[in-house]
>>> print(open('target-v3.cif').read())   # mmCIF, C-alpha atoms
data_work
#
loop_
_atom_site.group_PDB
_atom_site.id
_atom_site.type_symbol
_atom_site.label_atom_id
_atom_site.label_comp_id
_atom_site.auth_asym_id
_atom_site.auth_seq_id
_atom_site.Cartn_x
_atom_site.Cartn_y
_atom_site.Cartn_z
ATOM 1 C CA MET A 1 -135.187 -90.857 -53.889
ATOM 2 C CA THR A 2 -136.759 -88.573 -51.282
ATOM 3 C CA GLY A 3 -139.911 -89.357 -49.320
ATOM 4 C CA ASN A 4 -142.078 -86.950 -51.350
ATOM 5 C CA LYS A 5 -140.911 -88.433 -54.629
ATOM 6 C CA ARG A 6 -141.593 -91.952 -53.375
ATOM 7 C CA THR A 7 -145.098 -90.983 -52.265
ATOM 8 C CA THR A 8 -145.746 -89.360 -55.660
ATOM 9 C CA ALA A 9 -144.530 -92.486 -57.445
ATOM 10 C CA ALA A 10 -146.795 -94.658 -55.307
ATOM 11 C CA ALA A 11 -149.759 -92.401 -56.061
ATOM 12 C CA LEU A 12 -149.052 -92.580 -59.805
ATOM 13 C CA ALA A 13 -148.839 -96.353 -59.589
ATOM 14 C CA LEU A 14 -152.234 -96.398 -57.886
ATOM 15 C CA LEU A 15 -153.712 -94.167 -60.601
ATOM 16 C CA LEU A 16 -152.411 -96.455 -63.348
ATOM 17 C CA ALA A 17 -153.807 -99.461 -61.518
ATOM 18 C CA LEU A 18 -157.196 -97.779 -61.254
ATOM 19 C CA LEU A 19 -157.215 -96.972 -64.966
ATOM 20 C CA CYS A 20 -156.211 -100.498 -65.926
ATOM 21 C CA CYS A 21 -158.713 -102.126 -63.629
ATOM 22 C CA ALA A 22 -161.519 -99.909 -64.885
ATOM 23 C CA CYS A 23 -161.251 -101.926 -68.068
ATOM 24 C CA ALA A 24 -160.987 -105.222 -66.172
ATOM 25 C CA GLY A 25 -164.322 -104.690 -64.408
ATOM 26 C CA ILE A 26 -164.697 -103.517 -60.835
ATOM 27 C CA GLU A 27 -167.742 -104.940 -59.067
ATOM 28 C CA LYS A 28 -169.587 -103.124 -56.289
ATOM 29 C CA ASP A 29 -171.332 -104.793 -53.398
ATOM 30 C CA ARG A 30 -175.066 -104.299 -53.958
ATOM 31 C CA ALA A 31 -175.751 -104.011 -50.221
ATOM 32 C CA ASN A 32 -172.881 -101.585 -49.652
ATOM 33 C CA ARG A 33 -171.905 -99.574 -52.718
ATOM 34 C CA SER A 34 -168.766 -98.318 -50.963
ATOM 35 C CA LEU A 35 -167.105 -101.746 -51.297
ATOM 36 C CA GLU A 36 -165.408 -102.579 -54.591
ATOM 37 C CA PHE A 37 -164.062 -105.983 -55.605
ATOM 38 C CA MET A 38 -162.172 -107.410 -58.568
ATOM 39 C CA LEU A 39 -162.290 -111.025 -59.728
ATOM 40 C CA ASP A 40 -159.051 -112.886 -60.438
ATOM 41 C CA LYS A 41 -160.173 -115.312 -63.134
ATOM 42 C CA GLU A 42 -157.079 -117.494 -62.792
ATOM 43 C CA THR A 43 -157.666 -118.256 -59.111
ATOM 44 C CA ASP A 44 -161.432 -117.671 -59.092
ATOM 45 C CA THR A 45 -161.030 -115.463 -56.028
ATOM 46 C CA TYR A 46 -161.770 -111.823 -55.316
ATOM 47 C CA THR A 47 -159.516 -108.933 -54.373
ATOM 48 C CA PHE A 48 -160.886 -106.234 -52.105
ATOM 49 C CA PHE A 49 -160.045 -103.420 -54.468
ATOM 50 C CA TYR A 50 -161.189 -100.134 -52.977
ATOM 51 C CA TYR A 51 -163.288 -98.576 -50.231
ATOM 52 C CA THR A 52 -164.941 -95.433 -51.521
ATOM 53 C CA ASP A 53 -166.690 -94.018 -48.436
ATOM 54 C CA THR A 54 -164.022 -91.850 -46.804
ATOM 55 C CA SER A 55 -166.180 -89.536 -44.723
ATOM 56 C CA THR A 56 -169.116 -91.165 -42.892
ATOM 57 C CA VAL A 57 -168.755 -94.848 -41.886
ATOM 58 C CA THR A 58 -166.879 -95.826 -38.699
ATOM 59 C CA GLU A 59 -166.548 -99.595 -39.277
ATOM 60 C CA LEU A 60 -165.457 -101.523 -42.366
ATOM 61 C CA VAL A 61 -165.888 -105.294 -42.712
ATOM 62 C CA ILE A 62 -163.884 -107.026 -45.437
ATOM 63 C CA PRO A 63 -165.973 -110.162 -45.951
ATOM 64 C CA ASP A 64 -164.979 -113.808 -46.200
ATOM 65 C CA THR A 65 -166.647 -114.115 -49.602
ATOM 66 C CA PHE A 66 -168.132 -112.048 -52.422
ATOM 67 C CA HIS A 67 -170.631 -113.600 -54.855
ATOM 68 C CA GLY A 68 -169.854 -116.935 -53.195
ATOM 69 C CA LYS A 69 -166.118 -116.781 -53.944
ATOM 70 C CA PRO A 70 -163.397 -116.180 -51.315
ATOM 71 C CA VAL A 71 -161.921 -112.703 -50.830
ATOM 72 C CA THR A 72 -158.196 -113.469 -50.581
ATOM 73 C CA ARG A 73 -156.387 -110.182 -51.178
ATOM 74 C CA ILE A 74 -156.502 -106.537 -50.083
ATOM 75 C CA ARG A 75 -155.042 -104.336 -52.767
ATOM 76 C CA GLY A 76 -152.585 -101.497 -52.141
ATOM 77 C CA PHE A 77 -154.365 -98.245 -51.146
ATOM 78 C CA ALA A 78 -157.666 -100.102 -50.807
ATOM 79 C CA VAL A 79 -158.403 -98.400 -47.478
ATOM 80 C CA ASN A 80 -156.759 -95.010 -47.670
ATOM 81 C CA SER A 81 -157.410 -91.643 -45.989
ATOM 82 C CA CYS A 82 -160.811 -92.645 -44.584
ATOM 83 C CA ASP A 83 -161.370 -89.797 -42.136
ATOM 84 C CA THR A 84 -164.089 -91.332 -39.938
ATOM 85 C CA LEU A 85 -163.119 -94.990 -40.033
ATOM 86 C CA GLU A 86 -162.411 -96.365 -36.535
ATOM 87 C CA LYS A 87 -162.447 -100.134 -36.998
ATOM 88 C CA ILE A 88 -161.540 -102.609 -39.738
ATOM 89 C CA VAL A 89 -162.515 -106.295 -39.629
ATOM 90 C CA ILE A 90 -160.603 -108.646 -41.942
ATOM 91 C CA GLY A 91 -162.198 -111.919 -43.034
ATOM 92 C CA LYS A 92 -160.792 -115.402 -42.673
ATOM 93 C CA ASN A 93 -159.838 -115.916 -46.331
ATOM 94 C CA VAL A 94 -157.524 -112.926 -46.776
ATOM 95 C CA THR A 95 -153.983 -114.270 -47.286
ATOM 96 C CA ASP A 96 -152.358 -111.331 -49.095
ATOM 97 C CA ILE A 97 -152.393 -107.760 -47.803
ATOM 98 C CA GLU A 98 -150.382 -105.597 -50.172
ATOM 99 C CA ARG A 99 -148.140 -102.713 -49.159
ATOM 100 C CA TRP A 100 -150.043 -99.467 -48.551
ATOM 101 C CA ALA A 101 -153.310 -101.441 -48.312
ATOM 102 C CA ILE A 102 -154.380 -99.753 -45.056
ATOM 103 C CA THR A 103 -152.837 -96.330 -44.748
ATOM 104 C CA LYS A 104 -153.366 -92.832 -43.355
ATOM 105 C CA ASN A 105 -156.730 -93.484 -41.725
ATOM 106 C CA LEU A 106 -156.203 -90.923 -38.993
ATOM 107 C CA HIS A 107 -159.027 -91.978 -36.648
ATOM 108 C CA LEU A 108 -158.546 -95.731 -37.007
ATOM 109 C CA LYS A 109 -158.450 -97.328 -33.540
ATOM 110 C CA GLU A 110 -158.332 -101.065 -34.225
ATOM 111 C CA ILE A 111 -157.888 -103.760 -36.833
ATOM 112 C CA LYS A 112 -159.507 -107.100 -36.043
ATOM 113 C CA VAL A 113 -158.850 -110.370 -37.882
ATOM 114 C CA ASP A 114 -161.033 -113.459 -37.995
ATOM 115 C CA PRO A 115 -159.411 -116.038 -35.660
ATOM 116 C CA ASP A 116 -159.602 -118.643 -38.436
ATOM 117 C CA ASN A 117 -157.452 -116.557 -40.802
ATOM 118 C CA PRO A 118 -154.285 -118.601 -41.574
ATOM 119 C CA SER A 119 -152.027 -115.670 -42.481
ATOM 120 C CA TYR A 120 -152.831 -112.744 -40.174
ATOM 121 C CA CYS A 121 -153.930 -111.961 -36.640
ATOM 122 C CA ASP A 122 -154.446 -108.975 -34.385
ATOM 123 C CA VAL A 123 -152.903 -108.214 -31.010
ATOM 124 C CA ASP A 124 -154.822 -105.548 -29.080
ATOM 125 C CA GLY A 125 -156.132 -104.129 -32.343
ATOM 126 C CA VAL A 126 -152.726 -104.082 -34.097
ATOM 127 C CA LEU A 127 -152.213 -106.126 -37.291
ATOM 128 C CA PHE A 128 -149.541 -108.861 -37.283
ATOM 129 C CA THR A 129 -148.610 -111.888 -39.344
ATOM 130 C CA LYS A 130 -150.168 -115.065 -37.971
ATOM 131 C CA ASP A 131 -146.964 -116.106 -36.192
ATOM 132 C CA LYS A 132 -146.780 -112.645 -34.582
ATOM 133 C CA THR A 133 -143.212 -112.074 -35.776
ATOM 134 C CA LYS A 134 -143.981 -109.118 -38.065
ATOM 135 C CA LEU A 135 -145.945 -106.020 -37.094
ATOM 136 C CA LEU A 136 -147.774 -104.907 -40.236
ATOM 137 C CA CYS A 137 -150.029 -102.008 -39.284
ATOM 138 C CA TYR A 138 -150.524 -99.977 -36.140
ATOM 139 C CA PRO A 139 -153.866 -98.111 -36.323
ATOM 140 C CA ASN A 140 -153.193 -94.376 -36.337
ATOM 141 C CA ALA A 141 -155.425 -93.633 -33.340
ATOM 142 C CA ASN A 142 -155.008 -96.848 -31.317
ATOM 143 C CA THR A 143 -155.755 -95.991 -27.619
ATOM 144 C CA ALA A 144 -155.874 -92.271 -28.469
ATOM 145 C CA VAL A 145 -158.548 -90.080 -26.849
ATOM 146 C CA TYR A 146 -160.179 -87.055 -28.484
ATOM 147 C CA ASN A 147 -161.747 -83.862 -27.202
ATOM 148 C CA LYS A 148 -165.327 -82.992 -28.192
ATOM 149 C CA ASP A 149 -164.048 -80.696 -30.930
ATOM 150 C CA GLY A 150 -162.203 -83.614 -32.516
ATOM 151 C CA SER A 151 -158.728 -82.549 -31.462
ATOM 152 C CA LEU A 152 -156.314 -85.050 -29.934
ATOM 153 C CA LYS A 153 -156.505 -85.129 -26.133
ATOM 154 C CA ASN A 154 -153.526 -87.368 -25.392
ATOM 155 C CA THR A 155 -150.432 -88.952 -26.846
ATOM 156 C CA VAL A 156 -149.626 -92.588 -26.162
ATOM 157 C CA LYS A 157 -146.809 -95.030 -25.484
ATOM 158 C CA TYR A 158 -146.781 -98.335 -27.311
ATOM 159 C CA THR A 159 -144.684 -101.383 -26.441
ATOM 160 C CA VAL A 160 -144.203 -103.851 -29.282
ATOM 161 C CA PRO A 161 -144.817 -107.424 -28.056
ATOM 162 C CA GLY A 162 -141.819 -109.656 -27.380
ATOM 163 C CA GLY A 163 -141.089 -112.142 -30.151
ATOM 164 C CA THR A 164 -141.663 -109.562 -32.897
ATOM 165 C CA THR A 165 -138.692 -109.604 -35.284
ATOM 166 C CA VAL A 166 -139.711 -107.141 -38.006
ATOM 167 C CA ILE A 167 -141.441 -103.763 -38.019
ATOM 168 C CA GLY A 168 -143.069 -103.756 -41.431
ATOM 169 C CA HIS A 169 -143.148 -101.243 -44.269
ATOM 170 C CA CYS A 170 -145.154 -98.158 -43.221
ATOM 171 C CA ALA A 171 -146.300 -99.977 -40.061
ATOM 172 C CA PHE A 172 -146.591 -96.702 -38.120
ATOM 173 C CA TYR A 173 -147.125 -94.398 -41.102
ATOM 174 C CA HIS A 174 -148.559 -91.052 -39.931
ATOM 175 C CA CYS A 175 -149.190 -92.374 -36.402
ATOM 176 C CA TYR A 176 -149.388 -88.874 -35.005
ATOM 177 C CA ALA A 177 -150.549 -89.897 -31.501
ATOM 178 C CA VAL A 178 -147.583 -92.105 -30.525
ATOM 179 C CA GLU A 179 -145.095 -90.192 -28.383
ATOM 180 C CA ALA A 180 -143.047 -93.129 -27.047
ATOM 181 C CA LEU A 181 -142.239 -96.485 -28.613
ATOM 182 C CA VAL A 182 -140.497 -99.537 -27.123
ATOM 183 C CA LEU A 183 -139.166 -102.331 -29.325
ATOM 184 C CA PRO A 184 -138.133 -105.673 -27.803
ATOM 185 C CA ASP A 185 -134.638 -107.111 -28.226
ATOM 186 C CA SER A 186 -136.129 -109.630 -30.668
ATOM 187 C CA VAL A 187 -136.602 -106.953 -33.360
ATOM 188 C CA ILE A 188 -133.831 -107.272 -35.951
ATOM 189 C CA GLU A 189 -135.261 -105.206 -38.812
ATOM 190 C CA ILE A 190 -137.093 -101.925 -39.268
ATOM 191 C CA GLU A 191 -138.375 -101.870 -42.832
ATOM 192 C CA GLU A 192 -138.691 -98.963 -45.248
ATOM 193 C CA ARG A 193 -140.824 -96.042 -43.996
ATOM 194 C CA ALA A 194 -141.791 -97.944 -40.852
ATOM 195 C CA PHE A 195 -141.995 -94.777 -38.721
ATOM 196 C CA HIS A 196 -142.613 -92.273 -41.509
ATOM 197 C CA LYS A 197 -144.064 -88.992 -40.205
ATOM 198 C CA MET A 198 -144.560 -90.019 -36.599
ATOM 199 C CA THR A 199 -144.541 -86.324 -35.794
ATOM 200 C CA ALA A 200 -145.136 -86.726 -32.042
ATOM 201 C CA LEU A 201 -142.436 -89.362 -31.481
ATOM 202 C CA THR A 202 -139.925 -88.084 -28.915
ATOM 203 C CA ASP A 203 -138.676 -91.308 -27.328
ATOM 204 C CA ILE A 204 -137.863 -94.676 -28.886
ATOM 205 C CA ASP A 205 -136.077 -97.717 -27.478
ATOM 206 C CA VAL A 206 -135.085 -99.919 -30.421
ATOM 207 C CA GLY A 207 -133.817 -102.828 -28.292
ATOM 208 C CA LYS A 208 -130.455 -104.585 -28.357
ATOM 209 C CA GLY A 209 -130.875 -106.859 -31.390
ATOM 210 C CA LEU A 210 -131.557 -104.412 -34.224
ATOM 211 C CA GLN A 211 -129.522 -105.115 -37.375
ATOM 212 C CA THR A 212 -131.184 -103.220 -40.217
ATOM 213 C CA ILE A 213 -132.842 -99.807 -40.560
ATOM 214 C CA GLY A 214 -134.604 -99.456 -43.919
ATOM 215 C CA GLU A 215 -134.776 -96.488 -46.268
ATOM 216 C CA ASP A 216 -136.819 -93.511 -45.030
ATOM 217 C CA ALA A 217 -137.472 -95.387 -41.777
ATOM 218 C CA PHE A 218 -137.584 -92.282 -39.565
ATOM 219 C CA LEU A 219 -138.425 -89.799 -42.307
ATOM 220 C CA GLY A 220 -140.369 -86.843 -40.933
ATOM 221 C CA CYS A 221 -139.994 -87.776 -37.243
ATOM 222 C CA GLU A 222 -139.618 -84.098 -36.493
ATOM 223 C CA SER A 223 -139.928 -84.284 -32.690
ATOM 224 C CA LEU A 224 -137.207 -86.901 -32.172
ATOM 225 C CA ARG A 225 -134.095 -85.418 -30.561
ATOM 226 C CA GLU A 226 -131.929 -88.385 -29.591
ATOM 227 C CA ILE A 227 -131.757 -92.100 -30.355
ATOM 228 C CA ASP A 228 -129.557 -94.979 -29.166
ATOM 229 C CA LEU A 229 -128.720 -97.715 -31.692
ATOM 230 C CA PRO A 230 -127.164 -101.028 -30.583
ATOM 231 C CA ALA A 231 -123.838 -102.702 -31.328
ATOM 232 C CA SER A 232 -125.703 -105.256 -33.467
ATOM 233 C CA LEU A 233 -126.547 -102.614 -36.098
ATOM 234 C CA ALA A 234 -125.210 -103.592 -39.538
ATOM 235 C CA GLU A 235 -127.061 -101.369 -42.025
ATOM 236 C CA ILE A 236 -128.723 -97.954 -42.224
ATOM 237 C CA GLY A 237 -130.753 -97.297 -45.369
ATOM 238 C CA SER A 238 -130.722 -94.173 -47.506
ATOM 239 C CA TYR A 239 -132.588 -91.136 -46.154
ATOM 240 C CA ALA A 240 -133.266 -93.054 -42.923
ATOM 241 C CA PHE A 241 -133.514 -89.841 -40.873
ATOM 242 C CA TYR A 242 -134.519 -87.403 -43.614
ATOM 243 C CA ASN A 243 -136.424 -84.430 -42.161
ATOM 244 C CA ALA A 244 -135.873 -85.642 -38.598
ATOM 245 C CA ARG A 245 -134.914 -82.022 -38.132
ATOM 246 C CA GLU A 246 -134.725 -81.824 -34.326
ATOM 247 C CA ILE A 247 -132.102 -84.563 -33.870
ATOM 248 C CA VAL A 248 -129.199 -83.472 -31.657
ATOM 249 C CA LYS A 249 -127.487 -86.825 -31.074
ATOM 250 C CA ILE A 250 -127.420 -90.328 -32.522
ATOM 251 C CA ASN A 251 -125.569 -92.827 -30.334
ATOM 252 C CA ILE A 252 -124.410 -95.954 -32.186
ATOM 253 C CA ALA A 253 -122.717 -98.675 -30.164
ATOM 254 C CA ALA A 254 -121.228 -100.201 -33.348
ATOM 255 C CA ARG A 255 -118.033 -99.106 -35.103
ATOM 256 C CA SER A 256 -118.534 -96.783 -38.071
ATOM 257 C CA ASP A 257 -116.618 -99.105 -40.412
ATOM 258 C CA GLU A 258 -118.854 -102.044 -39.531
ATOM 259 C CA VAL A 259 -122.151 -100.433 -40.576
ATOM 260 C CA ALA A 260 -123.257 -100.167 -44.208
ATOM 261 C CA GLN A 261 -124.436 -96.581 -44.554
ATOM 262 C CA GLY A 262 -126.963 -95.633 -47.228
ATOM 263 C CA TYR A 263 -126.983 -92.416 -49.229
ATOM 264 C CA LYS A 264 -127.699 -89.335 -47.103
ATOM 265 C CA TRP A 265 -128.950 -91.406 -44.188
ATOM 266 C CA GLN A 266 -128.132 -88.684 -41.660
ATOM 267 C CA PRO A 267 -130.679 -86.163 -40.346
ATOM 268 C CA ALA A 268 -131.500 -83.311 -42.707
ATOM 269 C CA SER A 269 -133.968 -80.472 -42.945
ATOM 270 C CA ALA A 270 -135.679 -80.396 -46.343
ATOM 271 C CA GLY A 271 -132.494 -81.803 -47.837
ATOM 272 C CA GLY A 272 -130.225 -79.217 -46.219
ATOM 273 C CA ASN A 273 -128.165 -79.095 -43.048
ATOM 274 C CA LEU A 274 -129.828 -78.877 -39.653
ATOM 275 C CA ASN A 275 -129.890 -75.377 -38.171
ATOM 276 C CA HIS A 276 -128.365 -76.488 -34.865
ATOM 277 C CA PRO A 277 -125.274 -78.446 -33.747
ATOM 278 C CA TRP A 278 -125.683 -82.221 -33.637
ATOM 279 C CA SER A 279 -123.502 -85.326 -33.459
ATOM 280 C CA ILE A 280 -123.139 -89.030 -34.202
ATOM 281 C CA VAL A 281 -121.351 -90.918 -31.446
ATOM 282 C CA TRP A 282 -119.957 -94.199 -32.785
ATOM 283 C CA ALA A 283 -118.071 -96.834 -30.786
ATOM 284 C CA ASP A 284 -114.829 -95.733 -32.483
ATOM 285 C CA GLN A 285 -115.336 -92.020 -33.181
ATOM 286 C CA THR A 286 -117.555 -88.991 -32.755
ATOM 287 C CA GLU A 287 -118.739 -86.897 -35.695
ATOM 288 C CA THR A 288 -119.964 -83.377 -35.002
ATOM 289 C CA PHE A 289 -121.890 -81.164 -37.399
#
>>> encode(input="target-v3.cif", output="structure tokens")
Amino acid sequence: MTGNKRTTAAALALLLALLCCACAGIEKDRANRSLEFMLDKETDTYTFFYYTDTSTVTELVIPDTFHGKPVTRIRGFAVNSCDTLEKIVIGKNVTDIERWAITKNLHLKEIKVDPDNPSYCDVDGVLFTKDKTKLLCYPNANTAVYNKDGSLKNTVKYTVPGGTTVIGHCAFYHCYAVEALVLPDSVIEIEERAFHKMTALTDIDVGKGLQTIGEDAFLGCESLREIDLPASLAEIGSYAFYNAREIVKINIAARSDEVAQGYKWQPASAGGNLNHPWSIVWADQTETF
């Protein structure tokens, strides 16, 4: 399934969830009508369901409690496409942040987590699991600087902290300001869509321990021209480099017969061949296209 189809499916799932939950009873915060919560009667806890103000507020606080009951979950797409949001603060009781929960907030600079939260933490404004082994969400505009007219003034380089083992699903989704990315040797997995539409990404060092590249991982990385993958690589997911249309060379230190290769994982332009020569250099052979 292509990236666009997956995004459409996710959007439809969100719509169905909204329709279902309309009947279940969404509660608004009386002090801030932009915050919506849903009670789970089985656990007697609240889910942060949706943030409705997408155009004015710069800081969002997801509270520890709502109506005296703990807020333990952030639902998928709860904080989505909020154009002015720059900071998110996550309370101490949140133990479940669903996929797509915080996504495509283009001016988001930092995510902070209550130090007493048992499941999550932040490192320099970036969201991690509490043990700091999985990077969950890199704010789209972390360390970015803007001109007075709102345009981006600079691109940035980000180095993932040592000890990180997994780059999570959509962790860098639409992070348009990151030009260079360094992964430590401890990273063994890049999950599905981890670097989806990082349109400014030109340089990435994936480290020496990488084993798995998930589906659509580099989808839409249209400025990336070359990438080196280590001998430890064991699997490349389907459509991993779909629409990475400027690729000229992929260097893979592993043998081609030792890597599980997903459907149409190679670079493509809108599903078709690239309009320039390019190659895959394996340890045992070179493929030219």
>>> residues_around(input="target-v3.cif", residues="range 218-229 of chain A", least_positions_apart="4", cutoff="7 Å", atoms="all atoms listed in the file", output="list of chain:residue names")
A:Arg193, A:Phe195, A:His196, A:Lys197, A:Met198, A:Thr199, A:Ala200, A:Leu201, A:Thr202, A:Asp203, A:Ile204, A:Val206, A:Leu233, A:Ala240, A:Phe241, A:Tyr242, A:Asn243, A:Ala244, A:Arg245, A:Glu246, A:Ile247, A:Val248, A:Lys249, A:Ile250, A:Asn251, A:Ile252, A:Ala253
>>> atom_distance(input="target-v3.cif", atom1="CA of Leu135 in chain A", atom2="CA of Glu86 in chain A")
19.1 Å
>>> axis_aligned_box(input="target-v3.cif", around="range 30-41 of chain A", padding_each_side="8 Å", output="JSON")
{"center_x": -167.4, "center_y": -106.8, "center_z": -56.4, "size_x": 32.7, "size_y": 33.0, "size_z": 29.5}
>>> resolve_selection(input="target-v3.cif", expression="the PyMOL selection byres ((chain A and resi 92) around 7)", output="short mmCIF file (atom, residue, chain, number, x, y, z; two decimals) with C-alpha atoms, in the coordinates of the input")
data_model
loop_
_atom_site.label_atom_id
_atom_site.label_comp_id
_atom_site.auth_asym_id
_atom_site.auth_seq_id
_atom_site.Cartn_x
_atom_site.Cartn_y
_atom_site.Cartn_z
CA ASP A 64 -164.98 -113.81 -46.20
CA ILE A 90 -160.60 -108.65 -41.94
CA GLY A 91 -162.20 -111.92 -43.03
CA ASN A 93 -159.84 -115.92 -46.33
CA VAL A 94 -157.52 -112.93 -46.78
CA ASP A 114 -161.03 -113.46 -37.99
CA ASP A 116 -159.60 -118.64 -38.44
CA ASN A 117 -157.45 -116.56 -40.80
#
>>> resolve_selection(input="target-v3.cif", expression="the PyMOL selection byres ((chain A and resi 175) around 10)", output="ChimeraX atom specification")
/A:103-108,138-142,170-174,176-179,195-201
>>> closest_residue(input="target-v3.cif", among="A:Thr56, A:Ser238, A:Asn154, A:Thr159", to="Gly207 in chain A", atoms="only C-alpha atoms")
A:Thr159
>>> resolve_selection(input="target-v3.cif", expression="the PyMOL selection byres ((chain A and resi 27-29) around 10)", output="CSV table (one decimal) with C-alpha atoms, in the frame of the given file")
chain,number,residue,atom,x,y,z
A,22,ALA,CA,-161.5,-99.9,-64.9
A,24,ALA,CA,-161.0,-105.2,-66.2
A,25,GLY,CA,-164.3,-104.7,-64.4
A,26,ILE,CA,-164.7,-103.5,-60.8
A,30,ARG,CA,-175.1,-104.3,-54.0
A,31,ALA,CA,-175.8,-104.0,-50.2
A,32,ASN,CA,-172.9,-101.6,-49.7
A,33,ARG,CA,-171.9,-99.6,-52.7
A,34,SER,CA,-168.8,-98.3,-51.0
A,35,LEU,CA,-167.1,-101.7,-51.3
A,36,GLU,CA,-165.4,-102.6,-54.6
A,37,PHE,CA,-164.1,-106.0,-55.6
A,38,MET,CA,-162.2,-107.4,-58.6
A,39,LEU,CA,-162.3,-111.0,-59.7
A,46,TYR,CA,-161.8,-111.8,-55.3
A,48,PHE,CA,-160.9,-106.2,-52.1
A,49,PHE,CA,-160.0,-103.4,-54.5
A,50,TYR,CA,-161.2,-100.1,-53.0
A,51,TYR,CA,-163.3,-98.6,-50.2
A,66,PHE,CA,-168.1,-112.0,-52.4
A,67,HIS,CA,-170.6,-113.6,-54.9
>>> atom_distance(input="target-v3.cif", atom1="CA of Leu127 in chain A", atom2="CA of Pro184 in chain A")
17.0 Å
>>> build_atoms(input="target-v3.cif", residues="range 96-114 of chain A", atoms="N, CA and C atoms", output="short mmCIF file (atom, residue, chain, number, x, y, z; two decimals), in the frame of the given file")
data_model
loop_
_atom_site.label_atom_id
_atom_site.label_comp_id
_atom_site.auth_asym_id
_atom_site.auth_seq_id
_atom_site.Cartn_x
_atom_site.Cartn_y
_atom_site.Cartn_z
N ASP A 96 -153.32 -112.25 -48.48
CA ASP A 96 -152.36 -111.33 -49.10
C ASP A 96 -152.82 -109.89 -48.88
N ILE A 97 -152.12 -109.18 -48.02
CA ILE A 97 -152.39 -107.76 -47.80
C ILE A 97 -151.22 -106.99 -48.39
N GLU A 98 -151.46 -106.28 -49.47
CA GLU A 98 -150.38 -105.60 -50.17
C GLU A 98 -149.87 -104.39 -49.38
N ARG A 99 -148.68 -103.94 -49.74
CA ARG A 99 -148.14 -102.71 -49.16
C ARG A 99 -149.09 -101.55 -49.43
N TRP A 100 -149.19 -100.65 -48.48
CA TRP A 100 -150.04 -99.47 -48.55
C TRP A 100 -151.53 -99.82 -48.54
N ALA A 101 -151.90 -101.05 -48.25
CA ALA A 101 -153.31 -101.44 -48.31
C ALA A 101 -154.16 -100.65 -47.32
N ILE A 102 -153.66 -100.49 -46.10
CA ILE A 102 -154.38 -99.75 -45.06
C ILE A 102 -153.47 -98.62 -44.61
N THR A 103 -153.78 -97.41 -45.02
CA THR A 103 -152.84 -96.33 -44.75
C THR A 103 -153.51 -94.98 -44.54
N LYS A 104 -152.98 -94.23 -43.61
CA LYS A 104 -153.37 -92.83 -43.36
C LYS A 104 -154.85 -92.68 -43.02
N ASN A 105 -155.36 -93.60 -42.22
CA ASN A 105 -156.73 -93.48 -41.72
C ASN A 105 -156.62 -92.92 -40.30
N LEU A 106 -156.67 -91.62 -40.18
CA LEU A 106 -156.20 -90.92 -38.99
C LEU A 106 -156.99 -91.19 -37.73
N HIS A 107 -158.24 -91.69 -37.84
CA HIS A 107 -159.03 -91.98 -36.65
C HIS A 107 -159.21 -93.48 -36.41
N LEU A 108 -158.45 -94.28 -37.14
CA LEU A 108 -158.55 -95.73 -37.01
C LEU A 108 -157.99 -96.19 -35.66
N LYS A 109 -158.84 -96.89 -34.88
CA LYS A 109 -158.45 -97.33 -33.54
C LYS A 109 -158.04 -98.80 -33.48
N GLU A 110 -158.66 -99.65 -34.32
CA GLU A 110 -158.33 -101.06 -34.22
C GLU A 110 -158.55 -101.79 -35.54
N ILE A 111 -157.74 -102.83 -35.72
CA ILE A 111 -157.89 -103.76 -36.83
C ILE A 111 -158.10 -105.14 -36.23
N LYS A 112 -159.20 -105.77 -36.56
CA LYS A 112 -159.51 -107.10 -36.04
C LYS A 112 -159.45 -108.11 -37.19
N VAL A 113 -158.98 -109.31 -36.87
CA VAL A 113 -158.85 -110.37 -37.88
C VAL A 113 -159.61 -111.61 -37.41
N ASP A 114 -160.33 -112.22 -38.32
CA ASP A 114 -161.03 -113.46 -37.99
C ASP A 114 -160.03 -114.47 -37.42
#
